[in-house]
Amino acid sequence: QKEVEQNSGPLSVPEGAIASLNCTYSDRGSQSFFWYRQYSGKSPELIMFIYSNGDKEDGRFTAQLNKASQYVSLLIRDSQPSDSATYLCAVRRGSSASKIIFGSGTRLSIRP
Amino acid sequence: DVKVTQSSRYLVKRTGEKVFLECVQDMDHENMFWYRQDPGLGLRLIYFSYDVKMKEKGDIPEGYSVSREKKERFSLILESASTNQTSMYLCASSPPWGRGMSSPLHFGNGTRLTVT
(Lines give C-alpha, C1' and ligand atoms only; values in the text may rest on other atoms or scores of the structure.)
Protein backbone atom coordinates (compact mmCIF):
# COMPACT_ATOMS: atom_id res chain seq x y z
CA GLN A 1 0.00 0.00 0.00
CA LYS A 2 1.31 3.42 -0.94
CA GLU A 3 1.63 5.90 1.90
CA VAL A 4 -0.33 8.57 0.02
CA GLU A 5 -2.86 7.46 -2.59
CA GLN A 6 -4.65 9.46 -5.24
CA ASN A 7 -6.75 8.48 -8.22
CA SER A 8 -4.56 9.21 -11.23
CA GLY A 9 -7.47 10.37 -13.37
CA PRO A 10 -7.87 12.04 -15.72
CA LEU A 11 -10.80 13.72 -14.05
CA SER A 12 -12.86 15.68 -16.55
CA VAL A 13 -15.11 18.44 -15.22
CA PRO A 14 -17.19 20.99 -17.17
CA GLU A 15 -16.27 24.63 -16.80
CA GLY A 16 -18.10 26.27 -13.91
CA ALA A 17 -18.70 22.99 -12.05
CA ILE A 18 -17.11 21.79 -8.82
CA ALA A 19 -14.03 19.58 -9.13
CA SER A 20 -13.47 17.17 -6.26
CA LEU A 21 -10.04 15.65 -5.73
CA ASN A 22 -9.40 12.99 -3.12
CA CYS A 23 -6.42 11.63 -1.24
CA THR A 24 -5.96 8.96 1.43
CA TYR A 25 -2.93 8.39 3.61
CA SER A 26 -1.80 5.45 5.68
CA ASP A 27 0.24 6.93 8.55
CA ARG A 28 -1.92 8.08 11.45
CA GLY A 29 1.03 10.14 12.73
CA SER A 30 0.71 12.48 9.76
CA GLN A 31 0.28 16.07 10.84
CA SER A 32 0.16 18.47 7.92
CA PHE A 33 -1.45 18.03 4.56
CA PHE A 34 -0.78 19.97 1.39
CA TRP A 35 -2.25 20.36 -2.06
CA TYR A 36 0.10 21.33 -4.87
CA ARG A 37 -0.79 22.17 -8.44
CA GLN A 38 1.59 21.25 -11.24
CA TYR A 39 1.20 22.46 -14.79
CA SER A 40 2.80 20.38 -17.51
CA GLY A 41 6.53 21.04 -17.67
CA LYS A 42 6.49 23.17 -14.53
CA SER A 43 7.32 22.66 -10.87
CA PRO A 44 4.65 22.08 -8.23
CA GLU A 45 3.25 25.15 -6.53
CA LEU A 46 1.41 25.19 -3.22
CA ILE A 47 -2.34 25.80 -3.32
CA MET A 48 -3.39 25.02 0.24
CA PHE A 49 -2.36 23.34 3.43
CA ILE A 50 -4.49 22.02 6.28
CA TYR A 51 -3.69 20.42 9.63
CA SER A 52 -6.96 20.53 11.61
CA ASN A 53 -10.03 18.40 11.01
CA GLY A 54 -12.72 20.14 9.02
CA ASP A 55 -12.76 22.55 6.12
CA LYS A 56 -10.42 25.34 5.14
CA GLU A 57 -11.44 27.75 2.42
CA ASP A 58 -9.30 30.03 0.27
CA GLY A 59 -11.09 31.69 -2.61
CA ARG A 60 -12.42 29.02 -4.96
CA PHE A 61 -10.51 26.27 -3.15
CA THR A 62 -11.63 24.29 -0.10
CA ALA A 63 -9.48 21.68 1.60
CA GLN A 64 -11.19 19.11 3.78
CA LEU A 65 -9.47 16.90 6.34
CA ASN A 66 -10.84 13.88 8.19
CA LYS A 67 -8.10 12.36 10.32
CA ALA A 68 -10.29 9.55 11.61
CA SER A 69 -10.83 8.35 8.05
CA GLN A 70 -7.31 9.37 6.98
CA TYR A 71 -8.76 11.31 4.11
CA VAL A 72 -8.07 14.73 2.66
CA SER A 73 -9.80 16.34 -0.28
CA LEU A 74 -9.66 19.47 -2.41
CA LEU A 75 -12.74 21.10 -3.88
CA ILE A 76 -12.42 23.63 -6.67
CA ARG A 77 -15.55 25.71 -7.20
CA ASP A 78 -16.43 27.45 -10.45
CA SER A 79 -13.76 25.45 -12.29
CA GLN A 80 -11.87 27.33 -14.98
CA PRO A 81 -9.83 25.99 -17.94
CA SER A 82 -6.75 27.41 -16.17
CA ASP A 83 -7.38 24.89 -13.37
CA SER A 84 -6.44 22.07 -15.76
CA ALA A 85 -3.31 20.60 -14.21
CA THR A 86 -2.08 17.72 -12.09
CA TYR A 87 -2.92 18.07 -8.40
CA LEU A 88 -0.54 16.52 -5.92
CA CYS A 89 -1.49 15.60 -2.38
CA ALA A 90 1.40 15.72 0.09
CA VAL A 91 1.63 14.64 3.71
CA ARG A 92 4.11 15.60 6.41
CA ARG A 93 4.74 13.12 9.16
CA GLY A 94 6.09 13.83 12.63
CA SER A 95 6.84 17.14 14.25
CA SER A 96 10.44 17.83 13.27
CA ALA A 97 12.93 16.97 10.56
CA SER A 98 10.35 14.82 8.91
CA LYS A 99 9.58 13.70 5.43
CA ILE A 100 7.01 15.17 3.09
CA ILE A 101 5.56 12.36 1.02
CA PHE A 102 3.63 12.93 -2.19
CA GLY A 103 0.89 11.01 -3.90
CA SER A 104 1.26 10.30 -7.59
CA GLY A 105 -1.18 13.07 -8.50
CA THR A 106 -4.59 13.43 -10.14
CA ARG A 107 -4.76 14.90 -13.61
CA LEU A 108 -7.68 17.36 -13.84
CA SER A 109 -9.10 18.55 -17.14
CA ILE A 110 -11.67 21.36 -17.27
CA ARG A 111 -13.67 21.20 -20.48
CA PRO A 112 -15.18 24.45 -21.83
CA ASP B 1 9.92 35.81 -2.96
CA VAL B 2 11.64 32.48 -2.37
CA LYS B 3 13.99 31.46 -5.09
CA VAL B 4 15.30 27.93 -5.49
CA THR B 5 17.75 27.64 -8.33
CA GLN B 6 18.88 24.40 -9.92
CA SER B 7 22.07 24.69 -11.90
CA SER B 8 20.96 22.87 -15.04
CA ARG B 9 17.60 22.54 -16.76
CA TYR B 10 18.70 19.68 -19.00
CA LEU B 11 21.61 17.30 -18.54
CA VAL B 12 22.80 14.33 -20.60
CA LYS B 13 25.32 11.96 -19.06
CA ARG B 14 26.78 8.58 -19.88
CA THR B 15 26.34 5.41 -17.87
CA GLY B 16 28.96 5.15 -15.13
CA GLU B 17 29.67 8.88 -14.92
CA LYS B 18 29.61 10.67 -11.59
CA VAL B 19 26.93 13.35 -11.78
CA PHE B 20 26.44 16.41 -9.60
CA LEU B 21 23.12 18.24 -9.42
CA GLU B 22 23.32 21.56 -7.64
CA CYS B 23 20.60 23.49 -5.84
CA VAL B 24 20.79 26.90 -4.18
CA GLN B 25 18.10 28.71 -2.18
CA ASP B 26 18.13 32.33 -1.12
CA MET B 27 15.66 32.33 1.78
CA ASP B 28 17.85 31.01 4.57
CA HIS B 29 15.69 27.88 4.81
CA GLU B 30 16.89 25.14 7.13
CA ASN B 31 15.27 22.28 5.22
CA MET B 32 16.23 21.17 1.74
CA PHE B 33 15.02 18.20 -0.27
CA TRP B 34 15.74 16.24 -3.41
CA TYR B 35 12.91 14.46 -5.21
CA ARG B 36 12.70 12.67 -8.49
CA GLN B 37 9.53 12.67 -10.54
CA ASP B 38 8.57 9.91 -12.94
CA PRO B 39 5.31 9.42 -14.86
CA GLY B 40 2.79 7.46 -12.82
CA LEU B 41 5.02 7.44 -9.74
CA GLY B 42 4.72 11.04 -8.63
CA LEU B 43 7.44 12.70 -6.59
CA ARG B 44 9.64 10.35 -4.61
CA LEU B 45 11.92 11.62 -1.88
CA ILE B 46 15.59 10.77 -2.34
CA TYR B 47 17.26 12.66 0.52
CA PHE B 48 16.56 15.62 2.72
CA SER B 49 18.60 17.82 5.00
CA TYR B 50 17.46 19.82 8.02
CA ASP B 51 20.75 21.56 8.76
CA VAL B 52 24.25 22.03 7.43
CA LYS B 53 26.07 18.71 7.23
CA MET B 54 22.92 16.89 8.34
CA LYS B 55 21.08 14.53 6.03
CA GLU B 56 18.47 11.83 6.14
CA LYS B 57 17.54 9.19 3.63
CA GLY B 58 14.25 9.42 1.87
CA ASP B 59 12.39 6.56 0.26
CA ILE B 60 14.78 5.87 -2.65
CA PRO B 61 18.35 6.78 -1.60
CA GLU B 62 20.09 3.89 -3.35
CA GLY B 63 22.59 5.06 -5.93
CA TYR B 64 22.55 8.64 -4.62
CA SER B 65 24.39 10.69 -2.05
CA VAL B 66 24.08 14.31 -0.96
CA SER B 67 26.22 17.10 0.36
CA ARG B 68 25.26 20.15 2.36
CA GLU B 69 28.38 22.12 3.29
CA LYS B 70 26.60 25.48 3.33
CA LYS B 71 23.06 26.30 4.38
CA GLU B 72 22.02 27.64 1.01
CA ARG B 73 23.37 24.79 -1.12
CA PHE B 74 22.29 21.16 -1.36
CA SER B 75 23.93 18.90 -3.89
CA LEU B 76 22.72 15.56 -5.18
CA ILE B 77 25.38 13.15 -6.37
CA LEU B 78 24.87 10.14 -8.59
CA GLU B 79 27.93 8.06 -7.80
CA SER B 80 27.77 6.01 -11.00
CA ALA B 81 24.92 7.06 -13.24
CA SER B 82 22.67 4.36 -14.63
CA THR B 83 19.91 4.48 -17.22
CA ASN B 84 17.23 3.91 -14.56
CA GLN B 85 18.24 7.24 -13.05
CA THR B 86 16.94 9.06 -16.09
CA SER B 87 14.30 11.31 -14.57
CA MET B 88 13.20 14.81 -13.61
CA TYR B 89 14.97 15.89 -10.42
CA LEU B 90 13.36 18.53 -8.25
CA CYS B 91 15.04 20.39 -5.42
CA ALA B 92 12.95 22.09 -2.75
CA SER B 93 13.46 24.10 0.43
CA SER B 94 11.28 24.99 3.38
CA PRO B 95 11.44 26.79 6.72
CA PRO B 96 11.90 24.60 9.79
CA TRP B 97 8.85 22.75 11.04
CA GLY B 98 8.68 24.75 14.24
CA ARG B 99 7.59 27.91 12.44
CA GLY B 100 3.98 26.97 12.10
CA MET B 101 2.49 23.79 10.74
CA SER B 102 2.65 24.76 7.11
CA SER B 103 6.33 25.11 6.20
CA PRO B 104 5.48 24.45 2.56
CA LEU B 105 8.02 23.33 0.03
CA HIS B 106 9.34 25.81 -2.50
CA PHE B 107 10.53 24.03 -5.62
CA GLY B 108 13.22 24.79 -8.16
CA ASN B 109 12.52 24.50 -11.88
CA GLY B 110 13.85 20.97 -12.07
CA THR B 111 16.68 19.24 -13.89
CA ARG B 112 15.79 16.73 -16.55
CA LEU B 113 18.59 14.20 -16.51
CA THR B 114 19.06 11.68 -19.28
CA VAL B 115 21.56 8.87 -18.78
CA THR B 116 22.56 7.08 -21.99
# chains A, B, ... in the order shown; residues from 1 in each chain; ligands from 1
call {"tool": "residues_around", "arguments": {"residues": "stretch 72-85 of chain B", "least_positions_apart": "3", "cutoff": "7 Å", "atoms": "only C-alpha atoms", "output": "CSV table (one decimal) with N, CA and C atoms, in the first residue's frame"}}
result
chain,number,residue,atom,x,y,z
B,15,THR,N,26.4,6.4,-18.9
B,15,THR,CA,26.3,5.4,-17.9
B,15,THR,C,27.7,5.3,-17.2
B,16,GLY,N,27.7,5.3,-15.9
B,16,GLY,CA,29.0,5.2,-15.1
B,16,GLY,C,29.6,6.5,-14.7
B,17,GLU,N,29.1,7.6,-15.3
B,17,GLU,CA,29.7,8.9,-14.9
B,17,GLU,C,29.2,9.3,-13.5
B,18,LYS,N,30.0,10.1,-12.9
B,18,LYS,CA,29.6,10.7,-11.6
B,18,LYS,C,28.9,12.0,-11.9
B,19,VAL,N,27.7,12.2,-11.4
B,19,VAL,CA,26.9,13.3,-11.8
B,19,VAL,C,26.6,14.2,-10.5
B,20,PHE,N,26.7,15.5,-10.7
B,20,PHE,CA,26.4,16.4,-9.6
B,20,PHE,C,25.3,17.3,-10.0
B,21,LEU,N,24.2,17.3,-9.2
B,21,LEU,CA,23.1,18.2,-9.4
B,21,LEU,C,23.2,19.2,-8.3
B,22,GLU,N,23.2,20.5,-8.7
B,22,GLU,CA,23.3,21.6,-7.6
B,22,GLU,C,22.0,22.3,-7.4
B,23,CYS,N,21.8,22.7,-6.2
B,23,CYS,CA,20.6,23.5,-5.8
B,23,CYS,C,21.0,24.6,-4.8
B,24,VAL,N,20.5,25.8,-5.1
B,24,VAL,CA,20.8,26.9,-4.2
B,24,VAL,C,19.5,27.6,-3.9
B,25,GLN,N,19.3,27.9,-2.6
B,25,GLN,CA,18.1,28.7,-2.2
B,25,GLN,C,18.5,30.0,-1.5
B,26,ASP,N,17.7,31.0,-1.6
B,26,ASP,CA,18.1,32.3,-1.1
B,26,ASP,C,17.3,32.8,0.1
B,28,ASP,N,17.3,31.4,3.3
B,28,ASP,CA,17.9,31.0,4.6
B,28,ASP,C,17.0,29.9,5.2
B,32,MET,N,16.1,21.3,3.2
B,32,MET,CA,16.2,21.2,1.7
B,32,MET,C,16.0,19.7,1.4
B,63,GLY,N,22.0,4.5,-4.7
B,63,GLY,CA,22.6,5.1,-5.9
B,63,GLY,C,22.8,6.6,-5.9
B,64,TYR,N,22.4,7.2,-4.8
B,64,TYR,CA,22.5,8.6,-4.6
B,64,TYR,C,23.3,9.0,-3.3
B,65,SER,N,23.9,10.1,-3.3
B,65,SER,CA,24.4,10.7,-2.0
B,65,SER,C,24.1,12.2,-2.1
B,66,VAL,N,24.3,12.9,-1.0
B,66,VAL,CA,24.1,14.3,-1.0
B,66,VAL,C,25.2,15.0,-0.2
B,67,SER,N,25.3,16.3,-0.4
B,67,SER,CA,26.2,17.1,0.4
B,67,SER,C,25.6,18.4,0.7
B,68,ARG,N,25.7,18.8,2.0
B,68,ARG,CA,25.3,20.2,2.4
B,68,ARG,C,26.3,20.8,3.3
B,115,VAL,N,20.3,9.7,-18.9
B,115,VAL,CA,21.6,8.9,-18.8
B,115,VAL,C,21.5,7.9,-19.9
B,116,THR,N,22.6,7.9,-20.8
B,116,THR,CA,22.6,7.1,-22.0
B,116,THR,C,23.6,6.0,-21.9
call {"tool": "residues_around", "arguments": {"residues": "B:Val52", "least_positions_apart": "3", "cutoff": "6 Å", "atoms": "only C-alpha atoms", "output": "ChimeraX atom specification"}}
result
/B:68-71
call {"tool": "interface_residues", "arguments": {"of": "chain B", "to": "chain A", "cutoff": "12 Å", "atoms": "only C-alpha atoms", "output": "PyMOL selection string"}}
result
chain B and resi 2+4-6+9+30-51+54-60+88-112
call {"tool": "closest_residue", "arguments": {"among": "A:Asn53, A:Asn66, A:Ser20, A:Ser30", "to": "A:Tyr87", "atoms": "only C-alpha atoms"}}
result
A:Ser20
call {"tool": "atom_distance", "arguments": {"atom1": "atom CA of A:Ser52", "atom2": "atom CA of A:Ser79"}}
result
25.3 Å
call {"tool": "residues_around", "arguments": {"residues": "A:Gly9", "least_positions_apart": "6", "cutoff": "10 Å", "atoms": "only C-alpha atoms", "output": "number ranges by chain"}}
result
A: 21, 86, 105-109
call {"tool": "atom_distance", "arguments": {"atom1": "atom CA of A:Gln38", "atom2": "atom CA of A:Ala85"}}
result
5.8 Å
call {"tool": "atom_distance", "arguments": {"atom1": "atom CA of A:Tyr39", "atom2": "atom CA of A:Leu11"}}
result
14.9 Å
call {"tool": "residues_around", "arguments": {"residues": "A:Ser26", "least_positions_apart": "5", "cutoff": "7 Å", "atoms": "only C-alpha atoms", "output": "ChimeraX atom specification"}}
result
/A:3-4,70
call {"tool": "write_last_selection", "arguments": {"atoms": "C-alpha atoms", "output": "mmCIF file, in the first residue's frame"}}
result
data_model
loop_
_atom_site.group_PDB
_atom_site.id
_atom_site.type_symbol
_atom_site.label_atom_id
_atom_site.label_comp_id
_atom_site.auth_asym_id
_atom_site.auth_seq_id
_atom_site.Cartn_x
_atom_site.Cartn_y
_atom_site.Cartn_z
ATOM 1 C CA GLU A 3 1.634 5.903 1.897
ATOM 2 C CA VAL A 4 -0.334 8.569 0.017
ATOM 3 C CA GLN A 70 -7.314 9.372 6.977
#
